[in-house]
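The next block holds one structure in the form of structure tokens; read it before the comments.
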Amino acid sequence: MPELRVVAGRYRLLDVIGQGGMGRVWRAADELLDRRVAVKEMRVEGAFEGPETEEGRVRRERALREARASARIDHPGVVRVYDVVEEDGRLWIVMELVDARSLARYVDDEGPLDEHAAARVGLALVAALRRVHAAGVVHRDIKPENVLLGQGGPAGRVVLTDFGIAALQDSGRLTQTGMLVGSPEYMAPERVSGAGQGPPSDLWSLGATLCTALRGSSPFARTSALNTLVAVLHEAPELPPEPSGLRPLLSALLAKDPAARPDLDAVEEALRAVLARPTPSWRGPGDRPRADWRPHVLTAVVLLVAAAVAAVMFFTARDPGGGGPPGPSTPPPTVAGTSTAPPSDGTG
């Protein structure tokens, strides 16, 4: 756009930093408070005639619900919402600008995480989800794209963002009839089947997200959305290879039955146990741990030397002359390395 737009007389849009089905995210300058912010533009026009249609109502209410959901949560692991503006048939959510890469981008750029890094990310998300669920909110769209890693990557600040389809437990349903909202490979089975959902649904998505961080790909990704949904409902997840200490936890988090999944306390305990283990020497499926051959070689060398020495001592003790008649002028050496005169044969 040739001229930078100013929203609500104070938020100057600079450049697009994200795009999704529900709108764009801009890097912007808050000219009143002189700070950089992120502004999420929620489109409620274009594909339909006006905001009075069902789609327009759903988009508008979903945007407001995202703002309310985020604003209710004050936690460093959750992106902060500063303002909501309705202007020119659109809603603009003004949020904290986090200088970070998404977990999805980090894995694409750097490769899969090792289990310690994944455990650190998991612990940060567990802390954020405690506050989210305590506020009566279910995120419903936890996935690598919605997890931001600040400076330091997995060891830095981890932020949960994009509450666009979050469910407030004291709010009514806003989903259109027949509409399934979310990312299929990170959508809990009960959401796919239309059954009741709650905090265990977020824990399932957490498990799928950590599995992706360790493997480099989703445990349920298939060639089509339909095949992916079938896999989520009926197939076992593709877990990280052994000897990952996170396999038992991930398997439990990805249980089809919500009641069989561990709660946040159990997840935190399991993640801390993984962090207490020695740092693994492998990062993912293409980098399996290799056995250290050096102790085995050293043992073999020692055994060979010992066998050689034993053989020399045995044959020397049995026949000091080496098996033939001793020469008249070259007496054989003893074990100690000194020479002795040959024994007398009685002939003079």
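Every chain in the structure tokens takes a letter, A first, then B, and so on in the order presented; its residues are numbered from 1, and the ligands are numbered from 1 following the presented order.
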Give me the residues within 6 Å of stretch 113-124 of chain A as a PDB file with N, CA, C and O atoms, in the first residue's frame, counting only C-alpha atoms and dropping any in the same chain fewer than 3 places off.
```
ATOM      1  N   ALA A 127       2.782 -23.980  32.130  1.00  0.00           N
ATOM      2  CA  ALA A 127       2.571 -22.825  33.010  1.00  0.00           C
ATOM      3  C   ALA A 127       1.544 -21.864  32.415  1.00  0.00           C
ATOM      4  O   ALA A 127       0.681 -21.331  33.124  1.00  0.00           O
ATOM      5  N   PRO A 154      14.267 -22.230  22.383  1.00  0.00           N
ATOM      6  CA  PRO A 154      13.555 -22.987  23.419  1.00  0.00           C
ATOM      7  C   PRO A 154      13.983 -22.628  24.842  1.00  0.00           C
ATOM      8  O   PRO A 154      13.227 -22.852  25.781  1.00  0.00           O
ATOM      9  N   ALA A 213       7.609 -31.043  17.424  1.00  0.00           N
ATOM     10  CA  ALA A 213       8.890 -30.410  17.728  1.00  0.00           C
ATOM     11  C   ALA A 213      10.019 -31.430  17.764  1.00  0.00           C
ATOM     12  O   ALA A 213      11.157 -31.134  17.375  1.00  0.00           O
ATOM     13  N   LEU A 214       9.735 -32.637  18.208  1.00  0.00           N
ATOM     14  CA  LEU A 214      10.754 -33.686  18.315  1.00  0.00           C
ATOM     15  C   LEU A 214      10.973 -34.423  16.995  1.00  0.00           C
ATOM     16  O   LEU A 214      12.092 -34.856  16.699  1.00  0.00           O
ATOM     17  N   LEU A 271       7.743 -33.886  32.546  1.00  0.00           N
ATOM     18  CA  LEU A 271       8.688 -33.026  31.830  1.00  0.00           C
ATOM     19  C   LEU A 271       9.913 -32.713  32.684  1.00  0.00           C
ATOM     20  O   LEU A 271      11.045 -32.685  32.182  1.00  0.00           O
ATOM     21  N   LEU A 275      13.996 -33.480  32.043  1.00  0.00           N
ATOM     22  CA  LEU A 275      15.073 -32.488  32.176  1.00  0.00           C
ATOM     23  C   LEU A 275      16.152 -32.948  33.141  1.00  0.00           C
ATOM     24  O   LEU A 275      17.307 -32.514  33.037  1.00  0.00           O
ATOM     25  N   ARG A 283      19.245 -35.596  18.005  1.00  0.00           N
ATOM     26  CA  ARG A 283      18.246 -34.553  17.865  1.00  0.00           C
ATOM     27  C   ARG A 283      16.951 -35.029  17.233  1.00  0.00           C
ATOM     28  O   ARG A 283      15.918 -34.417  17.406  1.00  0.00           O
TER      29      ARG A 283
END
```
For A:Val84: contacts at 7 Å, only C-alpha atoms, fewer than 6 positions along chain excluded, given as a PyMOL selection string: chain A and resi 92-94
What are the DSSP strand (DSSP E or B) residues of stretch 151-265 of chain A, as a tab-separated table (two decimals) with all heavy atoms, in the first residue's frame?
```tsv
chain	number	residue	atom	x	y	z
A	158	VAL	N	8.78	-18.37	25.99
A	158	VAL	CA	7.85	-19.14	25.15
A	158	VAL	C	6.47	-18.51	25.35
A	158	VAL	O	6.00	-18.37	26.48
A	158	VAL	CB	7.83	-20.63	25.55
A	158	VAL	CG1	6.83	-21.39	24.70
A	158	VAL	CG2	9.23	-21.22	25.41
A	159	VAL	N	5.82	-18.16	24.24
A	159	VAL	CA	4.56	-17.41	24.32
A	159	VAL	C	3.48	-18.13	23.51
A	159	VAL	O	3.69	-18.49	22.35
A	159	VAL	CB	4.74	-15.97	23.79
A	159	VAL	CG1	3.43	-15.20	23.93
A	159	VAL	CG2	5.86	-15.26	24.52
A	160	LEU	N	2.34	-18.31	24.13
A	160	LEU	CA	1.17	-18.88	23.47
A	160	LEU	C	0.34	-17.74	22.91
A	160	LEU	O	0.00	-16.79	23.62
A	160	LEU	CB	0.35	-19.69	24.47
A	160	LEU	CG	-0.86	-20.47	23.96
A	160	LEU	CD1	-0.46	-21.47	22.88
A	160	LEU	CD2	-1.57	-21.16	25.11
A	167	ALA	N	-12.49	-20.95	23.44
A	167	ALA	CA	-13.84	-21.10	23.98
A	167	ALA	C	-13.84	-20.58	25.41
A	167	ALA	O	-13.12	-21.07	26.26
A	167	ALA	CB	-14.26	-22.56	23.96
A	168	LEU	N	-14.64	-19.57	25.65
A	168	LEU	CA	-14.86	-19.12	27.02
A	168	LEU	C	-15.94	-19.99	27.63
A	168	LEU	O	-17.02	-20.15	27.07
A	168	LEU	CB	-15.30	-17.65	27.04
A	168	LEU	CG	-14.26	-16.63	26.53
A	168	LEU	CD1	-14.89	-15.25	26.46
A	168	LEU	CD2	-13.06	-16.61	27.44
```
Coordinates-based distance that separates atom CA of A:Asp141 from atom CA of A:Val25 (Å, one decimal): 17.0 Å
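Proximity ranking of A:Ala104, A:Val192, A:Ala135, A:Leu14 relative to A:Lys256 places A:Val192 first, based on only C-alpha atoms.
Of the residues under consideration (A:Val39, A:Val85, A:Ala155, A:Leu203), A:Leu203 shows the shortest atom-to-atom contact distance to A:Ala259 when counting only C-alpha atoms.
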Length of the atom CA of A:Gly18 to atom CA of A:Val98 vector [Å]: 12.4 Å
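For the pair atom CA of A:Pro199 and atom CA of A:Ile73, the separation is 15.5 Å.
Closest approach to A:Pro112 among A:Thr209, A:Asp257, A:His139, A:Leu229 is made by A:Thr209 (distances from only C-alpha atoms).
Closest approach to A:Glu235 among A:Glu185, A:Arg277, A:Arg261, A:Leu206 is made by A:Glu185 (distances from only C-alpha atoms).
Closest approach to A:Gly216 among A:Glu242, A:Glu190, A:Asp162, A:Asp109: A:Asp109, based on only C-alpha atoms.
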Residues near A:Thr228, cut-off 12 Å, only C-alpha atoms, skip fewer than 2 positions along chain, as a ChimeraX atom specification: /A:183-189,192,218-226,230-237
Please produce a file of the residues just selected, as a JSON list (two decimals), in the first residue's frame, where the atoms kept are N, CA and C atoms.
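Heads up, here's the output in again-v9.json:
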```
[["chain", "number", "residue", "atom", "x", "y", "z"],
["A", 183, "SER", "N", -6.87, -26.59, 13.17],
["A", 183, "SER", "CA", -5.91, -27.29, 12.32],
["A", 183, "SER", "C", -6.09, -28.79, 12.53],
["A", 184, "PRO", "N", -6.46, -29.54, 11.50],
["A", 184, "PRO", "CA", -6.87, -30.95, 11.68],
["A", 184, "PRO", "C", -5.87, -31.80, 12.45],
["A", 185, "GLU", "N", -4.56, -31.70, 12.14],
["A", 185, "GLU", "CA", -3.60, -32.61, 12.77],
["A", 185, "GLU", "C", -3.33, -32.27, 14.23],
["A", 186, "TYR", "N", -3.81, -31.11, 14.70],
["A", 186, "TYR", "CA", -3.63, -30.73, 16.11],
["A", 186, "TYR", "C", -4.98, -30.63, 16.83],
["A", 187, "MET", "N", -6.02, -31.14, 16.22],
["A", 187, "MET", "CA", -7.37, -31.06, 16.76],
["A", 187, "MET", "C", -7.69, -32.35, 17.51],
["A", 188, "ALA", "N", -8.05, -32.23, 18.78],
["A", 188, "ALA", "CA", -8.33, -33.41, 19.60],
["A", 188, "ALA", "C", -9.48, -34.23, 19.01],
["A", 189, "PRO", "N", -9.46, -35.55, 19.20],
["A", 189, "PRO", "CA", -10.51, -36.40, 18.62],
["A", 189, "PRO", "C", -11.92, -35.97, 19.02],
["A", 192, "VAL", "N", -13.07, -33.29, 16.79],
["A", 192, "VAL", "CA", -13.40, -33.78, 15.44],
["A", 192, "VAL", "C", -14.77, -34.45, 15.43],
["A", 218, "SER", "N", 4.14, -33.52, 12.00],
["A", 218, "SER", "CA", 3.00, -33.86, 12.85],
["A", 218, "SER", "C", 2.82, -35.36, 12.96],
["A", 219, "PRO", "N", 2.41, -35.86, 14.13],
["A", 219, "PRO", "CA", 2.19, -37.31, 14.28],
["A", 219, "PRO", "C", 0.97, -37.82, 13.51],
["A", 220, "PHE", "N", 0.15, -36.90, 12.99],
["A", 220, "PHE", "CA", -1.06, -37.33, 12.27],
["A", 220, "PHE", "C", -1.15, -36.74, 10.86],
["A", 221, "ALA", "N", -0.11, -36.10, 10.39],
["A", 221, "ALA", "CA", -0.16, -35.48, 9.05],
["A", 221, "ALA", "C", -0.36, -36.55, 7.99],
["A", 222, "ARG", "N", -1.32, -36.34, 7.11],
["A", 222, "ARG", "CA", -1.60, -37.26, 6.01],
["A", 222, "ARG", "C", -1.73, -36.45, 4.71],
["A", 223, "THR", "N", -2.04, -37.12, 3.63],
["A", 223, "THR", "CA", -2.05, -36.46, 2.32],
["A", 223, "THR", "C", -3.25, -35.55, 2.10],
["A", 224, "SER", "N", -4.27, -35.68, 2.92],
["A", 224, "SER", "CA", -5.45, -34.82, 2.78],
["A", 224, "SER", "C", -6.03, -34.54, 4.16],
["A", 225, "ALA", "N", -6.86, -33.49, 4.23],
["A", 225, "ALA", "CA", -7.48, -33.14, 5.51],
["A", 225, "ALA", "C", -8.38, -34.28, 6.00],
["A", 226, "LEU", "N", -9.09, -34.93, 5.07],
["A", 226, "LEU", "CA", -9.98, -36.02, 5.47],
["A", 226, "LEU", "C", -9.17, -37.18, 6.05],
["A", 230, "VAL", "N", -9.28, -38.77, 9.90],
["A", 230, "VAL", "CA", -9.45, -40.20, 10.16],
["A", 230, "VAL", "C", -8.31, -40.70, 11.05],
["A", 231, "ALA", "N", -7.09, -40.26, 10.77],
["A", 231, "ALA", "CA", -5.94, -40.67, 11.59],
["A", 231, "ALA", "C", -6.09, -40.19, 13.02],
["A", 232, "VAL", "N", -6.55, -38.94, 13.19],
["A", 232, "VAL", "CA", -6.75, -38.41, 14.54],
["A", 232, "VAL", "C", -7.76, -39.25, 15.31],
["A", 233, "LEU", "N", -8.81, -39.68, 14.65],
["A", 233, "LEU", "CA", -9.88, -40.43, 15.31],
["A", 233, "LEU", "C", -9.52, -41.89, 15.57],
["A", 234, "HIS", "N", -8.78, -42.51, 14.66],
["A", 234, "HIS", "CA", -8.69, -43.98, 14.71],
["A", 234, "HIS", "C", -7.27, -44.55, 14.71],
["A", 235, "GLU", "N", -6.26, -43.78, 14.36],
["A", 235, "GLU", "CA", -4.93, -44.34, 14.19],
["A", 235, "GLU", "C", -4.00, -43.94, 15.33],
["A", 236, "ALA", "N", -2.99, -44.77, 15.57],
["A", 236, "ALA", "CA", -1.99, -44.47, 16.60],
["A", 236, "ALA", "C", -1.06, -43.36, 16.09],
["A", 237, "PRO", "N", -0.60, -42.51, 16.97],
["A", 237, "PRO", "CA", 0.30, -41.43, 16.54],
["A", 237, "PRO", "C", 1.68, -41.95, 16.17]]
```
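Distances from A:Asn146, A:Thr161, A:Gln197, A:Ser251 to A:Val267 were compared using only C-alpha atoms, and the smallest one belongs to A:Ser251.
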